[in-house]
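Asks: Pasting target_15.pdb here (PDB, C-alpha atoms):
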ATOM      1  CA  LEU A   1     -18.187   6.616  -7.218  1.00  0.00           C
ATOM      2  CA  GLN A   2     -20.841   8.843  -5.708  1.00  0.00           C
ATOM      3  CA  CYS A   3     -24.312   7.347  -5.684  1.00  0.00           C
ATOM      4  CA  THR A   4     -27.088   9.927  -5.243  1.00  0.00           C
ATOM      5  CA  GLU A   5     -30.876  10.236  -5.577  1.00  0.00           C
ATOM      6  CA  THR A   6     -30.563  11.362  -9.201  1.00  0.00           C
ATOM      7  CA  SER A   7     -27.728   9.410 -10.826  1.00  0.00           C
ATOM      8  CA  PRO A   8     -24.306   8.067  -9.904  1.00  0.00           C
ATOM      9  CA  ILE A   9     -21.219  10.146 -10.683  1.00  0.00           C
ATOM     10  CA  LEU A  10     -17.639   8.946 -11.048  1.00  0.00           C
ATOM     11  CA  LYS A  11     -15.395  11.563  -9.421  1.00  0.00           C
ATOM     12  CA  ILE A  12     -11.658  11.526 -10.193  1.00  0.00           C
ATOM     13  CA  CYS A  13      -9.481  14.203  -8.563  1.00  0.00           C
ATOM     14  CA  ARG A  14      -5.935  14.980  -9.744  1.00  0.00           C
ATOM     15  CA  GLY A  15      -5.430  18.681 -10.485  1.00  0.00           C
ATOM     16  CA  ASP A  16      -6.918  21.468 -12.601  1.00  0.00           C
ATOM     17  CA  GLU A  17      -4.193  21.515 -15.269  1.00  0.00           C
ATOM     18  CA  GLU A  18      -4.349  17.752 -15.840  1.00  0.00           C
ATOM     19  CA  LYS A  19      -8.149  17.901 -15.878  1.00  0.00           C
ATOM     20  CA  GLN A  20      -8.231  20.615 -18.565  1.00  0.00           C
ATOM     21  CA  THR A  21      -5.703  18.715 -20.707  1.00  0.00           C
ATOM     22  CA  THR A  22      -7.773  15.520 -20.379  1.00  0.00           C
ATOM     23  CA  LEU A  23     -11.047  17.264 -21.258  1.00  0.00           C
ATOM     24  CA  GLN A  24      -9.454  18.779 -24.381  1.00  0.00           C
ATOM     25  CA  ALA A  25      -8.030  15.404 -25.468  1.00  0.00           C
ATOM     26  CA  LEU A  26     -11.286  13.477 -25.025  1.00  0.00           C
ATOM     27  CA  GLU A  27     -13.478  12.936 -28.048  1.00  0.00           C
ATOM     28  CA  THR A  28     -16.597  14.427 -26.542  1.00  0.00           C
ATOM     29  CA  SER A  29     -18.980  12.835 -29.065  1.00  0.00           C
ATOM     30  CA  CYS A  30     -18.116   9.321 -27.885  1.00  0.00           C
ATOM     31  CA  LEU A  31     -19.319   7.497 -24.811  1.00  0.00           C
ATOM     32  CA  GLU A  32     -16.526   7.137 -22.278  1.00  0.00           C
ATOM     33  CA  ARG A  33     -16.342   3.608 -20.865  1.00  0.00           C
ATOM     34  CA  CYS A  34     -14.686   2.676 -17.581  1.00  0.00           C
ATOM     35  CA  GLN A  35     -14.562  -0.527 -15.564  1.00  0.00           C
ATOM     36  CA  LEU A  36     -14.874  -0.121 -11.813  1.00  0.00           C
ATOM     37  CA  SER A  37     -14.090  -2.467  -8.976  1.00  0.00           C
ATOM     38  CA  CYS A  38     -15.539  -0.974  -5.795  1.00  0.00           C
ATOM     39  CA  LYS A  39     -15.144  -1.944  -2.156  1.00  0.00           C
ATOM     40  CA  LEU A  40     -18.158  -1.726   0.126  1.00  0.00           C
ATOM     41  CA  LYS A  41     -17.215  -0.423   3.575  1.00  0.00           C
ATOM     42  CA  ASP A  42     -19.784  -1.872   5.941  1.00  0.00           C
ATOM     43  CA  GLU A  43     -22.957  -3.919   6.212  1.00  0.00           C
ATOM     44  CA  ASP A  44     -25.223  -0.870   5.822  1.00  0.00           C
ATOM     45  CA  GLN A  45     -23.612  -0.093   2.483  1.00  0.00           C
ATOM     46  CA  MET A  46     -23.854  -3.755   1.456  1.00  0.00           C
ATOM     47  CA  ARG A  47     -27.549  -3.796   2.346  1.00  0.00           C
ATOM     48  CA  GLN A  48     -28.202  -0.551   0.445  1.00  0.00           C
ATOM     49  CA  PHE A  49     -26.536  -1.757  -2.753  1.00  0.00           C
ATOM     50  CA  CYS A  50     -28.122  -5.192  -2.538  1.00  0.00           C
ATOM     51  CA  GLN A  51     -31.561  -3.545  -2.334  1.00  0.00           C
ATOM     52  CA  ILE A  52     -30.781  -1.228  -5.260  1.00  0.00           C
ATOM     53  CA  LEU A  53     -29.685  -4.227  -7.340  1.00  0.00           C
ATOM     54  CA  ASP A  54     -32.675  -6.416  -6.317  1.00  0.00           C
ATOM     55  CA  PHE A  55     -30.400  -8.844  -4.421  1.00  0.00           C
ATOM     56  CA  GLN A  56     -29.049 -10.197  -7.733  1.00  0.00           C
ATOM     57  CA  PRO A  57     -25.240  -9.847  -7.341  1.00  0.00           C
ATOM     58  CA  LYS A  58     -23.359 -12.782  -5.885  1.00  0.00           C
ATOM     59  CA  GLY A  59     -22.986 -12.140  -2.179  1.00  0.00           C
ATOM     60  CA  CYS A  60     -26.439 -10.561  -1.754  1.00  0.00           C
ATOM     61  CA  PHE A  61     -28.980 -12.555   0.199  1.00  0.00           C
ATOM     62  CA  ASN A  62     -32.351 -11.643   1.622  1.00  0.00           C
ATOM     63  CA  ASP A  63     -32.747  -9.652   4.834  1.00  0.00           C
ATOM     64  CA  THR A  64     -32.614 -12.707   7.074  1.00  0.00           C
ATOM     65  CA  THR A  65     -29.106 -13.863   6.164  1.00  0.00           C
ATOM     66  CA  PRO A  66     -25.721 -12.098   6.451  1.00  0.00           C
ATOM     67  CA  LEU A  67     -24.391 -10.228   3.448  1.00  0.00           C
ATOM     68  CA  ASP A  68     -21.130 -11.084   1.678  1.00  0.00           C
ATOM     69  CA  LEU A  69     -21.127  -8.377  -0.992  1.00  0.00           C
ATOM     70  CA  GLU A  70     -17.709  -6.824  -0.366  1.00  0.00           C
ATOM     71  CA  ASP A  71     -16.698  -6.098  -3.971  1.00  0.00           C
ATOM     72  CA  LEU A  72     -18.860  -4.669  -6.719  1.00  0.00           C
ATOM     73  CA  ALA A  73     -17.562  -4.809 -10.311  1.00  0.00           C
ATOM     74  CA  MET A  74     -19.315  -2.807 -13.013  1.00  0.00           C
ATOM     75  CA  THR A  75     -18.829  -0.989 -16.299  1.00  0.00           C
ATOM     76  CA  ILE A  76     -20.041   2.582 -16.651  1.00  0.00           C
ATOM     77  CA  TYR A  77     -20.652   4.728 -19.722  1.00  0.00           C
ATOM     78  CA  SER A  78     -20.684   8.516 -19.694  1.00  0.00           C
ATOM     79  CA  ASN A  79     -21.407  10.978 -22.494  1.00  0.00           C
ATOM     80  CA  LEU A  80     -19.689  14.236 -21.580  1.00  0.00           C
ATOM     81  CA  THR A  81     -21.551  16.190 -24.306  1.00  0.00           C
ATOM     82  CA  GLN A  82     -24.786  15.745 -22.338  1.00  0.00           C
ATOM     83  CA  HIS A  83     -23.229  16.964 -19.088  1.00  0.00           C
ATOM     84  CA  ASP A  84     -21.394  20.252 -18.664  1.00  0.00           C
ATOM     85  CA  THR A  85     -21.182  20.126 -14.902  1.00  0.00           C
ATOM     86  CA  GLN A  86     -17.589  20.252 -13.617  1.00  0.00           C
ATOM     87  CA  PRO A  87     -17.949  22.210 -10.335  1.00  0.00           C
ATOM     88  CA  ASN A  88     -14.625  21.297  -8.717  1.00  0.00           C
ATOM     89  CA  PRO A  89     -11.559  22.678 -10.580  1.00  0.00           C
ATOM     90  CA  GLY A  90      -9.283  19.757  -9.682  1.00  0.00           C
ATOM     91  CA  CYS A  91     -11.802  16.943 -10.200  1.00  0.00           C
ATOM     92  CA  LEU A  92     -13.262  15.361 -13.303  1.00  0.00           C
ATOM     93  CA  TYR A  93     -16.907  14.301 -12.946  1.00  0.00           C
ATOM     94  CA  LEU A  94     -18.275  11.570 -15.196  1.00  0.00           C
ATOM     95  CA  PRO A  95     -22.050  11.300 -14.717  1.00  0.00           C
ATOM     96  CA  VAL A  96     -23.107   7.705 -15.329  1.00  0.00           C
ATOM     97  CA  ASP A  97     -25.477   7.435 -18.312  1.00  0.00           C
ATOM     98  CA  LYS A  98     -25.406   3.661 -18.518  1.00  0.00           C
ATOM     99  CA  LEU A  99     -24.271   1.067 -16.010  1.00  0.00           C
ATOM    100  CA  VAL A 100     -23.626  -2.600 -16.819  1.00  0.00           C
ATOM    101  CA  LEU A 101     -23.445  -5.114 -13.974  1.00  0.00           C
ATOM    102  CA  ASP A 102     -22.906  -8.833 -14.657  1.00  0.00           C
ATOM    103  CA  GLY A 103     -23.651  -8.280 -18.363  1.00  0.00           C
ATOM    104  CA  GLU A 104     -27.004  -6.658 -17.603  1.00  0.00           C
ATOM    105  CA  GLU A 105     -27.710  -2.977 -18.189  1.00  0.00           C
ATOM    106  CA  ARG A 106     -29.054  -1.114 -15.162  1.00  0.00           C
ATOM    107  CA  SER A 107     -31.086   2.038 -15.652  1.00  0.00           C
ATOM    108  CA  ASN A 108     -32.386   2.531 -12.097  1.00  0.00           C
ATOM    109  CA  PHE A 109     -29.090   2.730 -10.229  1.00  0.00           C
ATOM    110  CA  VAL A 110     -29.945   5.475  -7.725  1.00  0.00           C
ATOM    111  CA  CYS A 111     -29.381   5.592  -3.984  1.00  0.00           C
ATOM    112  CA  PRO A 112     -32.074   6.780  -1.568  1.00  0.00           C
ATOM    113  CA  THR A 113     -29.283   8.159   0.638  1.00  0.00           C
ATOM    114  CA  ARG A 114     -26.032   9.550  -0.742  1.00  0.00           C
ATOM    115  CA  SER A 115     -23.247   6.990  -0.633  1.00  0.00           C
ATOM    116  CA  GLU A 116     -19.613   7.016  -1.773  1.00  0.00           C
ATOM    117  CA  LEU A 117     -17.600   3.991  -2.875  1.00  0.00           C
ATOM    118  CA  GLU A 118     -13.814   3.751  -3.231  1.00  0.00           C
ATOM    119  CA  CYS A 119     -13.170   2.161  -6.629  1.00  0.00           C
ATOM    120  CA  THR A 120     -10.205   1.120  -8.721  1.00  0.00           C
ATOM    121  CA  THR A 121     -10.875   2.384 -12.204  1.00  0.00           C
ATOM    122  CA  SER A 122      -9.721   1.354 -15.649  1.00  0.00           C
ATOM    123  CA  CYS A 123     -10.902   3.423 -18.618  1.00  0.00           C
ATOM    124  CA  TYR A 124     -10.763   2.547 -22.303  1.00  0.00           C
ATOM    125  CA  SER A 125     -10.018   6.077 -23.506  1.00  0.00           C
ATOM    126  CA  GLU A 126      -6.254   6.661 -23.412  1.00  0.00           C
ATOM    127  CA  PRO A 127      -6.374  10.303 -22.181  1.00  0.00           C
ATOM    128  CA  LEU A 128      -8.881   9.374 -19.496  1.00  0.00           C
ATOM    129  CA  GLN A 129      -6.840   6.354 -18.404  1.00  0.00           C
ATOM    130  CA  LYS A 130      -3.723   8.541 -18.092  1.00  0.00           C
ATOM    131  CA  PHE A 131      -5.713  10.933 -15.908  1.00  0.00           C
ATOM    132  CA  VAL A 132      -7.069   8.083 -13.762  1.00  0.00           C
ATOM    133  CA  ARG A 133      -3.658   6.399 -13.313  1.00  0.00           C
ATOM    134  CA  LYS A 134      -1.695   9.545 -12.451  1.00  0.00           C
ATOM    135  CA  ASP A 135       0.818   7.838 -10.216  1.00  0.00           C
ATOM    136  CA  SER A 136       4.498   7.059 -10.156  1.00  0.00           C
ATOM    137  CA  VAL A 137       6.561   4.048  -9.201  1.00  0.00           C
ATOM    138  CA  LEU A 138       8.567   6.312  -6.903  1.00  0.00           C
ATOM    139  CA  THR A 139       5.468   7.058  -4.806  1.00  0.00           C
ATOM    140  CA  SER A 140       4.812   3.375  -4.151  1.00  0.00           C
ATOM    141  CA  PRO A 141       5.897   2.070  -0.724  1.00  0.00           C
ATOM    142  CA  ASN A 142       6.478  -1.368  -2.292  1.00  0.00           C
ATOM    143  CA  PHE A 143       9.124   0.112  -4.617  1.00  0.00           C
ATOM    144  CA  TRP A 144      11.070   1.688  -1.746  1.00  0.00           C
ATOM    145  CA  MET A 145      10.857  -1.454   0.384  1.00  0.00           C
ATOM    146  CA  PHE A 146      12.160  -3.548  -2.563  1.00  0.00           C
ATOM    147  CA  PHE A 147      14.901  -0.970  -3.248  1.00  0.00           C
ATOM    148  CA  ILE A 148      16.136  -0.936   0.368  1.00  0.00           C
ATOM    149  CA  PHE A 149      16.075  -4.752   0.656  1.00  0.00           C
ATOM    150  CA  ASN A 150      18.086  -5.025  -2.565  1.00  0.00           C
ATOM    151  CA  ILE A 151      20.708  -2.552  -1.287  1.00  0.00           C
ATOM    152  CA  VAL A 152      21.013  -4.502   1.985  1.00  0.00           C
ATOM    153  CA  ALA A 153      21.131  -7.878   0.183  1.00  0.00           C
ATOM    154  CA  PHE A 154      23.814  -6.866  -2.340  1.00  0.00           C
ATOM    155  CA  SER A 155      25.899  -5.132   0.354  1.00  0.00           C
ATOM    156  CA  SER A 156      25.718  -8.270   2.494  1.00  0.00           C
ATOM    157  CA  PHE A 157      26.610 -10.455  -0.493  1.00  0.00           C
ATOM    158  CA  SER A 158      29.717  -8.352  -1.215  1.00  0.00           C
ATOM    159  CA  VAL A 159      30.915  -8.753   2.375  1.00  0.00           C
ATOM    160  CA  CYS A 160      30.155 -12.485   2.238  1.00  0.00           C
ATOM    161  CA  CYS A 161      32.326 -12.953  -0.865  1.00  0.00           C
ATOM    162  CA  SER A 162      35.260 -11.068   0.672  1.00  0.00           C
ATOM    163  CA  ILE A 163      35.084 -13.083   3.890  1.00  0.00           C
ATOM    164  CA  SER A 164      34.806 -16.412   2.033  1.00  0.00           C
ATOM    165  CA  ASP A 165      37.896 -15.575  -0.073  1.00  0.00           C
ATOM    166  CA  ALA A 166      39.857 -14.625   3.080  1.00  0.00           C
ATOM    167  CA  LEU A 167      38.774 -17.901   4.754  1.00  0.00           C
ATOM    168  CA  CYS A 168      39.795 -19.884   1.679  1.00  0.00           C
ATOM    169  CA  PHE A 169      43.328 -18.365   1.679  1.00  0.00           C
ATOM    170  CA  THR A 170      43.612 -18.960   5.434  1.00  0.00           C
ATOM    171  CA  LEU A 171      42.714 -22.641   5.014  1.00  0.00           C
ATOM    172  CA  LEU A 172      45.097 -23.076   2.054  1.00  0.00           C
ATOM    173  CA  GLU A 173      47.966 -21.674   4.197  1.00  0.00           C
ATOM    174  CA  ASP A 174      51.132 -21.985   2.080  1.00  0.00           C
ATOM    175  CA  LYS A 175      49.429 -23.381  -1.078  1.00  0.00           C
ATOM    176  CA  PRO A 176      47.767 -20.325  -2.711  1.00  0.00           C
ATOM    177  CA  GLY A 177      48.023 -22.100  -6.113  1.00  0.00           C
ATOM    178  CA  ASN A 178      45.105 -24.362  -5.094  1.00  0.00           C
ATOM    179  CA  TYR A 179      42.763 -21.381  -4.761  1.00  0.00           C
ATOM    180  CA  GLY A 180      41.269 -21.943  -8.261  1.00  0.00           C
ATOM    181  CA  ARG A 181      40.294 -25.534  -7.456  1.00  0.00           C
ATOM    182  CA  GLN A 182      38.643 -24.448  -4.219  1.00  0.00           C
ATOM    183  CA  ARG A 183      36.682 -21.688  -6.022  1.00  0.00           C
ATOM    184  CA  VAL A 184      35.406 -24.218  -8.596  1.00  0.00           C
ATOM    185  CA  PHE A 185      33.702 -26.146  -5.787  1.00  0.00           C
ATOM    186  CA  GLY A 186      32.173 -22.876  -4.535  1.00  0.00           C
ATOM    187  CA  SER A 187      30.748 -22.208  -8.010  1.00  0.00           C
ATOM    188  CA  ILE A 188      29.404 -25.767  -8.256  1.00  0.00           C
ATOM    189  CA  GLY A 189      27.725 -25.299  -4.866  1.00  0.00           C
ATOM    190  CA  TRP A 190      26.112 -22.007  -5.942  1.00  0.00           C
ATOM    191  CA  GLY A 191      24.884 -23.577  -9.178  1.00  0.00           C
ATOM    192  CA  GLY A 192      23.489 -26.653  -7.400  1.00  0.00           C
ATOM    193  CA  PHE A 193      21.588 -24.621  -4.844  1.00  0.00           C
ATOM    194  CA  THR A 194      20.271 -22.331  -7.582  1.00  0.00           C
ATOM    195  CA  ILE A 195      18.661 -25.332  -9.267  1.00  0.00           C
ATOM    196  CA  LEU A 196      17.238 -26.546  -5.950  1.00  0.00           C
ATOM    197  CA  ALA A 197      15.887 -23.098  -5.036  1.00  0.00           C
TER     198      ALA A 197
END
Spell out the structure here as structure tokens.
Replies:
Amino acid sequence: LQCTETSPILKICRGDEEKQTTLQALETSCLERCQLSCKLKDEDQMRQFCQILDFQPKGCFNDTTPLDLEDLAMTIYSNLTQHDTQPNPGCLYLPVDKLVLDGEERSNFVCPTRSELECTTSCYSEPLQKFVRKDSVLTSPNFWMFFIFNIVAFSSFSVCCSISDALCFTLLEDKPGNYGRQRVFGSIGWGGFTILA
């Protein structure tokens, strides 16, 4: 979210082809609505946004006390028919026509000095939401960490089962017919610890 002297603008960059497809799919006569959850970087930014919002959000105090406004949640509305400005080929610009913060509409949301906020965005229009959430599970580091840990865990489990079977036959010595009874106790142990875990 870019906050300027005139009006705030939501800037979403993905690529020119995706942007053109999204613009064609949007119903331009309707207001586009998106929910934003923005992180404020430092105390100067906190102070600036607290002043703009008349110190009303939770976490804003007067100038004599420290500020705790780290997150700013809001809903924005943008009517693309009133704005034809899309200067960057790979980015979609949604000028903010209406901003709702804590259930109250804000019309004077302008910044004396230009400021940018990193926001997670969720839009109600399906084409716009697809453009906003243009990501893949395969690009997530959490997916790859989970994948590698699973490979290691299942490989280790396979080795564990082979070693436990070899130990069982070693302990049974010349009575391999008792292997089934020994394995039953192994299964009971696994089941018992599953319930406890």
Asks: Could you pull the residues within 7 Å of Ile52 in chain A, counting only C-alpha atoms, minus those fewer than 3 positions along the same chain, as a PyMOL selection string?
Replies: chain A and resi 48-49+109
Asks: Emit as JSON the padded axis-aligned box for all listed atoms of range 89-96 of chain A, 6 Å per side, with centre and edge lengths in Å to one decimal.
Replies:
{"center_x": -16.2, "center_y": 15.2, "center_z": -12.5, "size_x": 25.8, "size_y": 27.0, "size_z": 17.6}
Asks: Given all atoms listed in the file as the basis, pick out the residue of A:Lys11, A:Arg181, A:Lys130, A:Lys58 nearest to Leu36 in chain A.
Replies: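 Using all atoms listed in the file, Leu36 in chain A sits closest to A:Lys11.
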Asks: Suppose you want the space between CA of Cys123 in chain A and CA of Cys111 in chain A; what is it in Å?
Replies: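 These two atoms are separated by 23.7 Å.
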Asks: Hey, what comes out of the PyMOL selection byres ((chain A and resi 74) around 9) on this file? Could you write it as a PyMOL selection string?
Replies: chain A and resi 34-38+72-73+75-76+99-103
Asks: Just the selected residues (C-alpha atoms), exported as a PDB file, in the coordinates of the input, please.
Replies:
ATOM      1  CA  CYS A  34     -14.686   2.676 -17.581  1.00  0.00           C
ATOM      2  CA  GLN A  35     -14.562  -0.527 -15.564  1.00  0.00           C
ATOM      3  CA  LEU A  36     -14.874  -0.121 -11.813  1.00  0.00           C
ATOM      4  CA  SER A  37     -14.090  -2.467  -8.976  1.00  0.00           C
ATOM      5  CA  CYS A  38     -15.539  -0.974  -5.795  1.00  0.00           C
ATOM      6  CA  LEU A  72     -18.860  -4.669  -6.719  1.00  0.00           C
ATOM      7  CA  ALA A  73     -17.562  -4.809 -10.311  1.00  0.00           C
ATOM      8  CA  THR A  75     -18.829  -0.989 -16.299  1.00  0.00           C
ATOM      9  CA  ILE A  76     -20.041   2.582 -16.651  1.00  0.00           C
ATOM     10  CA  LEU A  99     -24.271   1.067 -16.010  1.00  0.00           C
ATOM     11  CA  VAL A 100     -23.626  -2.600 -16.819  1.00  0.00           C
ATOM     12  CA  LEU A 101     -23.445  -5.114 -13.974  1.00  0.00           C
ATOM     13  CA  ASP A 102     -22.906  -8.833 -14.657  1.00  0.00           C
ATOM     14  CA  GLY A 103     -23.651  -8.280 -18.363  1.00  0.00           C
TER      15      GLY A 103
END
Asks: Output as a CSV table (one decimal), keeping the file's coordinate frame: range 154-172 of chain A, completed with N, CA, C and O atoms.
Replies:
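See selection34.csv below for the written result:
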chain,number,residue,atom,x,y,z
A,154,PHE,N,22.6,-6.9,-1.5
A,154,PHE,CA,23.8,-6.9,-2.3
A,154,PHE,C,25.0,-6.4,-1.5
A,154,PHE,O,26.1,-6.9,-1.7
A,155,SER,N,24.8,-5.5,-0.5
A,155,SER,CA,25.9,-5.1,0.4
A,155,SER,C,26.3,-6.3,1.2
A,155,SER,O,27.5,-6.6,1.4
A,156,SER,N,25.4,-7.1,1.7
A,156,SER,CA,25.7,-8.3,2.5
A,156,SER,C,26.4,-9.3,1.6
A,156,SER,O,27.4,-10.0,2.1
A,157,PHE,N,26.0,-9.5,0.4
A,157,PHE,CA,26.6,-10.5,-0.5
A,157,PHE,C,28.1,-10.1,-0.8
A,157,PHE,O,28.9,-11.0,-0.8
A,158,SER,N,28.3,-8.8,-1.0
A,158,SER,CA,29.7,-8.4,-1.2
A,158,SER,C,30.6,-8.7,0.0
A,158,SER,O,31.7,-9.2,-0.2
A,159,VAL,N,30.1,-8.4,1.2
A,159,VAL,CA,30.9,-8.8,2.4
A,159,VAL,C,31.1,-10.3,2.5
A,159,VAL,O,32.2,-10.7,2.8
A,160,CYS,N,30.1,-11.0,2.2
A,160,CYS,CA,30.2,-12.5,2.2
A,160,CYS,C,31.2,-13.0,1.3
A,160,CYS,O,32.0,-13.9,1.7
A,161,CYS,N,31.3,-12.5,0.1
A,161,CYS,CA,32.3,-13.0,-0.9
A,161,CYS,C,33.7,-12.6,-0.4
A,161,CYS,O,34.6,-13.5,-0.5
A,162,SER,N,33.9,-11.4,0.2
A,162,SER,CA,35.3,-11.1,0.7
A,162,SER,C,35.7,-12.0,1.8
A,162,SER,O,36.8,-12.4,1.9
A,163,ILE,N,34.8,-12.2,2.7
A,163,ILE,CA,35.1,-13.1,3.9
A,163,ILE,C,35.4,-14.5,3.4
A,163,ILE,O,36.3,-15.2,4.0
A,164,SER,N,34.6,-15.0,2.5
A,164,SER,CA,34.8,-16.4,2.0
A,164,SER,C,36.2,-16.5,1.3
A,164,SER,O,36.9,-17.6,1.5
A,165,ASP,N,36.6,-15.5,0.6
A,165,ASP,CA,37.9,-15.6,-0.1
A,165,ASP,C,39.0,-15.5,1.0
A,165,ASP,O,40.0,-16.3,0.9
A,166,ALA,N,38.9,-14.7,2.0
A,166,ALA,CA,39.9,-14.6,3.1
A,166,ALA,C,39.9,-16.0,3.8
A,166,ALA,O,41.0,-16.4,4.1
A,167,LEU,N,38.8,-16.6,4.1
A,167,LEU,CA,38.8,-17.9,4.8
A,167,LEU,C,39.5,-19.0,3.9
A,167,LEU,O,40.2,-19.8,4.4
A,168,CYS,N,39.2,-18.9,2.6
A,168,CYS,CA,39.8,-19.9,1.7
A,168,CYS,C,41.3,-19.8,1.7
A,168,CYS,O,42.0,-20.8,1.8
A,169,PHE,N,41.9,-18.5,1.6
A,169,PHE,CA,43.3,-18.4,1.7
A,169,PHE,C,43.9,-18.8,3.0
A,169,PHE,O,45.0,-19.3,3.1
A,170,THR,N,43.1,-18.5,4.1
A,170,THR,CA,43.6,-19.0,5.4
A,170,THR,C,43.7,-20.5,5.5
A,170,THR,O,44.7,-21.0,6.0
A,171,LEU,N,42.7,-21.2,5.0
A,171,LEU,CA,42.7,-22.6,5.0
A,171,LEU,C,43.8,-23.3,4.1
A,171,LEU,O,44.3,-24.3,4.4
A,172,LEU,N,44.1,-22.6,3.0
A,172,LEU,CA,45.1,-23.1,2.1
A,172,LEU,C,46.5,-22.9,2.6
A,172,LEU,O,47.5,-23.5,2.1
